[in-house]
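Peer 1: The structure that follows is given in the form of structure tokens.
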Amino acid sequence: MTIDNDSYLFAVTENSGDVAMVLIEKAGRVHINELARGKLKALWLGAYESNMKKLIPIFASQLAKGEIPVNGIKMVEVS
């Protein structure tokens, strides 16, 4: 997160069919599951559905290999 200068980091994991997501803010706040999803939807306003449609197959492939998908999110402030 620090090296890549990401504003947020999120990871997805699965255990026996149950999926969990965590979203971590650069400031240290942590959002889990539905709270993480809600925050991510707010960050990706209007793009959440399309972003997830692109990411879910990648996540599924990584999870099937025993990996935990971890992704950084960069935010740009528009004035």
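In the structure tokens, chains take the letters A, B, ... in the order shown, each chain's residues start at 1, and ligands count up from 1 in the order shown.
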With a distance cut-off of 12 Å and only C-alpha atoms, select the neighbouring residues of Glu67 of chain A, excluding the residue or stretch itself and same-chain residues fewer than 5 positions from it, and output the selection as a ChimeraX atom specification.
Peer 2: /A:11-14,58-62
Peer 1: Restricting it to N, CA and C atoms, dump the selection as a CSV table (one decimal), in the first residue's frame.
Peer 2:
```csv
chain,number,residue,atom,x,y,z
A,11,ALA,N,-9.0,-7.2,0.1
A,11,ALA,CA,-8.7,-8.6,-0.1
A,11,ALA,C,-10.0,-9.4,0.0
A,12,VAL,N,-10.0,-10.5,-0.7
A,12,VAL,CA,-11.2,-11.4,-0.7
A,12,VAL,C,-10.7,-12.8,-0.3
A,13,THR,N,-11.4,-13.5,0.5
A,13,THR,CA,-11.1,-14.9,0.9
A,13,THR,C,-12.3,-15.7,0.9
A,14,GLU,N,-12.1,-17.0,0.8
A,14,GLU,CA,-13.3,-18.0,0.8
A,14,GLU,C,-12.9,-19.2,1.7
A,58,ILE,N,-11.2,-13.1,-11.9
A,58,ILE,CA,-9.8,-13.1,-11.5
A,58,ILE,C,-9.7,-13.6,-10.0
A,59,PHE,N,-10.6,-13.1,-9.2
A,59,PHE,CA,-10.6,-13.5,-7.8
A,59,PHE,C,-10.8,-15.0,-7.6
A,60,ALA,N,-11.8,-15.5,-8.4
A,60,ALA,CA,-12.1,-16.9,-8.3
A,60,ALA,C,-11.0,-17.8,-8.7
A,61,SER,N,-10.3,-17.3,-9.8
A,61,SER,CA,-9.1,-18.1,-10.2
A,61,SER,C,-8.0,-18.1,-9.2
A,62,GLN,N,-7.8,-17.0,-8.6
A,62,GLN,CA,-6.7,-16.9,-7.5
A,62,GLN,C,-7.1,-17.7,-6.3
```
Peer 1: Find the residues around segment 19-28 of chain A up to 12 Å (only C-alpha atoms counted), leave out those fewer than 5 positions away in its own chain, and share them as a ChimeraX atom specification.
Peer 2: /A:1-14,33-41,43,56,59-60,63,68-75
Peer 1: Would you save the residues of that selection, restricted to N, CA, C and O atoms, as a short mmCIF file (atom, residue, chain, number, x, y, z; two decimals), in the first residue's frame?
Peer 2:
```cif
data_model
loop_
_atom_site.label_atom_id
_atom_site.label_comp_id
_atom_site.auth_asym_id
_atom_site.auth_seq_id
_atom_site.Cartn_x
_atom_site.Cartn_y
_atom_site.Cartn_z
N MET A 1 0.83 -1.18 0.00
CA MET A 1 0.00 0.00 0.00
C MET A 1 0.88 1.25 0.00
O MET A 1 0.63 2.18 -0.77
N THR A 2 1.88 1.27 0.84
CA THR A 2 2.78 2.41 0.93
C THR A 2 3.63 2.53 -0.33
O THR A 2 3.74 3.60 -0.91
N ILE A 3 4.21 1.42 -0.75
CA ILE A 3 5.09 1.43 -1.93
C ILE A 3 4.33 1.85 -3.18
O ILE A 3 4.83 2.65 -3.98
N ASP A 4 3.11 1.34 -3.35
CA ASP A 4 2.31 1.65 -4.53
C ASP A 4 1.51 2.95 -4.40
O ASP A 4 0.82 3.35 -5.33
N ASN A 5 1.56 3.58 -3.23
CA ASN A 5 0.81 4.80 -2.95
C ASN A 5 -0.70 4.60 -3.16
O ASN A 5 -1.38 5.46 -3.73
N ASP A 6 -1.19 3.45 -2.71
CA ASP A 6 -2.62 3.16 -2.80
C ASP A 6 -3.36 3.84 -1.65
O ASP A 6 -2.84 3.94 -0.54
N SER A 7 -4.56 4.29 -1.93
CA SER A 7 -5.40 4.90 -0.90
C SER A 7 -6.14 3.84 -0.08
O SER A 7 -6.46 4.05 1.08
N TYR A 8 -6.43 2.71 -0.73
CA TYR A 8 -7.15 1.61 -0.11
C TYR A 8 -6.54 0.30 -0.56
O TYR A 8 -5.93 0.21 -1.62
N LEU A 9 -6.77 -0.72 0.25
CA LEU A 9 -6.35 -2.08 -0.08
C LEU A 9 -7.54 -2.98 0.24
O LEU A 9 -8.15 -2.83 1.30
N PHE A 10 -7.87 -3.88 -0.69
CA PHE A 10 -8.93 -4.82 -0.34
C PHE A 10 -8.53 -6.23 -0.73
O PHE A 10 -7.76 -6.45 -1.65
N ALA A 11 -9.04 -7.16 0.07
CA ALA A 11 -8.73 -8.57 -0.13
C ALA A 11 -10.02 -9.37 0.01
O ALA A 11 -10.95 -8.97 0.70
N VAL A 12 -10.03 -10.51 -0.68
CA VAL A 12 -11.18 -11.41 -0.66
C VAL A 12 -10.67 -12.79 -0.29
O VAL A 12 -9.61 -13.20 -0.74
N THR A 13 -11.44 -13.50 0.53
CA THR A 13 -11.08 -14.87 0.87
C THR A 13 -12.34 -15.73 0.88
O THR A 13 -13.45 -15.22 0.91
N GLU A 14 -12.14 -17.03 0.85
CA GLU A 14 -13.25 -17.98 0.82
C GLU A 14 -12.91 -19.16 1.71
O GLU A 14 -11.77 -19.59 1.77
N ASN A 33 -16.74 -7.13 5.14
CA ASN A 33 -17.93 -7.68 4.48
C ASN A 33 -18.86 -6.60 3.95
O ASN A 33 -18.50 -5.86 3.06
N GLU A 34 -20.09 -6.50 4.47
CA GLU A 34 -21.07 -5.56 3.92
C GLU A 34 -20.62 -4.11 4.06
O GLU A 34 -20.88 -3.28 3.19
N LEU A 35 -19.93 -3.79 5.15
CA LEU A 35 -19.41 -2.43 5.31
C LEU A 35 -18.33 -2.15 4.27
O LEU A 35 -18.26 -1.05 3.72
N ALA A 36 -17.51 -3.15 3.98
CA ALA A 36 -16.48 -3.02 2.95
C ALA A 36 -17.14 -2.84 1.59
O ALA A 36 -16.73 -1.99 0.79
N ARG A 37 -18.15 -3.63 1.32
CA ARG A 37 -18.87 -3.55 0.05
C ARG A 37 -19.51 -2.17 -0.13
O ARG A 37 -19.42 -1.54 -1.18
N GLY A 38 -20.15 -1.67 0.92
CA GLY A 38 -20.78 -0.35 0.87
C GLY A 38 -19.77 0.76 0.62
O GLY A 38 -20.01 1.67 -0.18
N LYS A 39 -18.65 0.69 1.30
CA LYS A 39 -17.60 1.70 1.13
C LYS A 39 -17.03 1.64 -0.29
O LYS A 39 -16.81 2.66 -0.93
N LEU A 40 -16.80 0.42 -0.79
CA LEU A 40 -16.27 0.24 -2.14
C LEU A 40 -17.26 0.77 -3.18
O LEU A 40 -16.86 1.42 -4.15
N LYS A 41 -18.55 0.52 -2.97
CA LYS A 41 -19.57 1.06 -3.88
C LYS A 41 -19.54 2.58 -3.90
O LYS A 41 -19.69 3.21 -4.94
N LEU A 43 -16.91 4.47 -3.19
CA LEU A 43 -15.66 4.89 -3.84
C LEU A 43 -15.74 4.74 -5.35
O LEU A 43 -15.24 5.58 -6.09
N ILE A 56 -14.25 -10.38 -10.38
CA ILE A 56 -14.69 -11.64 -9.78
C ILE A 56 -14.08 -12.87 -10.44
O ILE A 56 -13.60 -13.76 -9.74
N PHE A 59 -10.56 -13.06 -9.16
CA PHE A 59 -10.56 -13.48 -7.76
C PHE A 59 -10.81 -14.98 -7.65
O PHE A 59 -10.13 -15.67 -6.89
N ALA A 60 -11.80 -15.47 -8.38
CA ALA A 60 -12.15 -16.89 -8.32
C ALA A 60 -10.96 -17.76 -8.74
O ALA A 60 -10.68 -18.78 -8.10
N LEU A 63 -8.39 -17.64 -5.89
CA LEU A 63 -8.86 -18.43 -4.75
C LEU A 63 -8.75 -19.92 -5.04
O LEU A 63 -8.36 -20.71 -4.16
N ILE A 68 -4.85 -15.57 -1.94
CA ILE A 68 -5.81 -14.58 -1.46
C ILE A 68 -5.65 -13.34 -2.34
O ILE A 68 -4.59 -12.72 -2.34
N PRO A 69 -6.69 -12.99 -3.11
CA PRO A 69 -6.61 -11.80 -3.95
C PRO A 69 -6.50 -10.54 -3.10
O PRO A 69 -7.33 -10.29 -2.23
N VAL A 70 -5.46 -9.76 -3.34
CA VAL A 70 -5.24 -8.50 -2.64
C VAL A 70 -5.05 -7.44 -3.71
O VAL A 70 -4.23 -7.61 -4.61
N ASN A 71 -5.81 -6.35 -3.62
CA ASN A 71 -5.79 -5.32 -4.65
C ASN A 71 -5.70 -3.95 -4.03
O ASN A 71 -6.39 -3.66 -3.05
N GLY A 72 -4.88 -3.09 -4.61
CA GLY A 72 -4.78 -1.71 -4.18
C GLY A 72 -5.70 -0.84 -5.00
O GLY A 72 -6.00 -1.15 -6.16
N ILE A 73 -6.16 0.25 -4.40
CA ILE A 73 -7.02 1.20 -5.09
C ILE A 73 -6.39 2.58 -4.94
O ILE A 73 -6.13 3.04 -3.83
N LYS A 74 -6.15 3.21 -6.07
CA LYS A 74 -5.64 4.58 -6.06
C LYS A 74 -6.82 5.52 -6.26
O LYS A 74 -7.69 5.26 -7.07
N MET A 75 -6.83 6.60 -5.53
CA MET A 75 -7.91 7.58 -5.67
C MET A 75 -7.29 8.90 -6.09
O MET A 75 -6.24 9.31 -5.59
#
```
Peer 1: So what do you get for atom CA of Gly46 of chain A versus atom CA of Ala64 of chain A, distance-wise?
Peer 2: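 Taking atom CA of Gly46 of chain A and atom CA of Ala64 of chain A, their separation equals 29.1 Å.
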Peer 1: From the DSSP assignment of the backbone, select every residue of chain A that is alpha helix (DSSP H), and format the answer as a list in words.
Peer 2: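 Listing alpha helix (DSSP H) positions across chain A yields Glu34, Leu35, Ala36, Arg37, Gly38, Lys39, Leu40, Lys41, Ala42, Leu43, Tyr48, Glu49, Ser50, Asn51, Met52, Lys53, Lys54, Leu55, Ile56, Pro57, Ile58, Phe59, Ala60, Ser61, Gln62, Leu63 and Ala64 of chain A.
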Peer 1: Just how far from atom CA of Lys65 of chain A is atom CA of Trp44 of chain A, in Å to one decimal?
Peer 2: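 Separation of atom CA of Trp44 of chain A and atom CA of Lys65 of chain A: 27.6 Å.
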Peer 1: Kindly give the distance, in Å, that separates atom CA of Tyr48 of chain A and atom CA of Gly66 of chain A, rounded to a single decimal.
Peer 2: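 Value for the atom CA of Tyr48 of chain A-atom CA of Gly66 of chain A distance: 25.3 Å.
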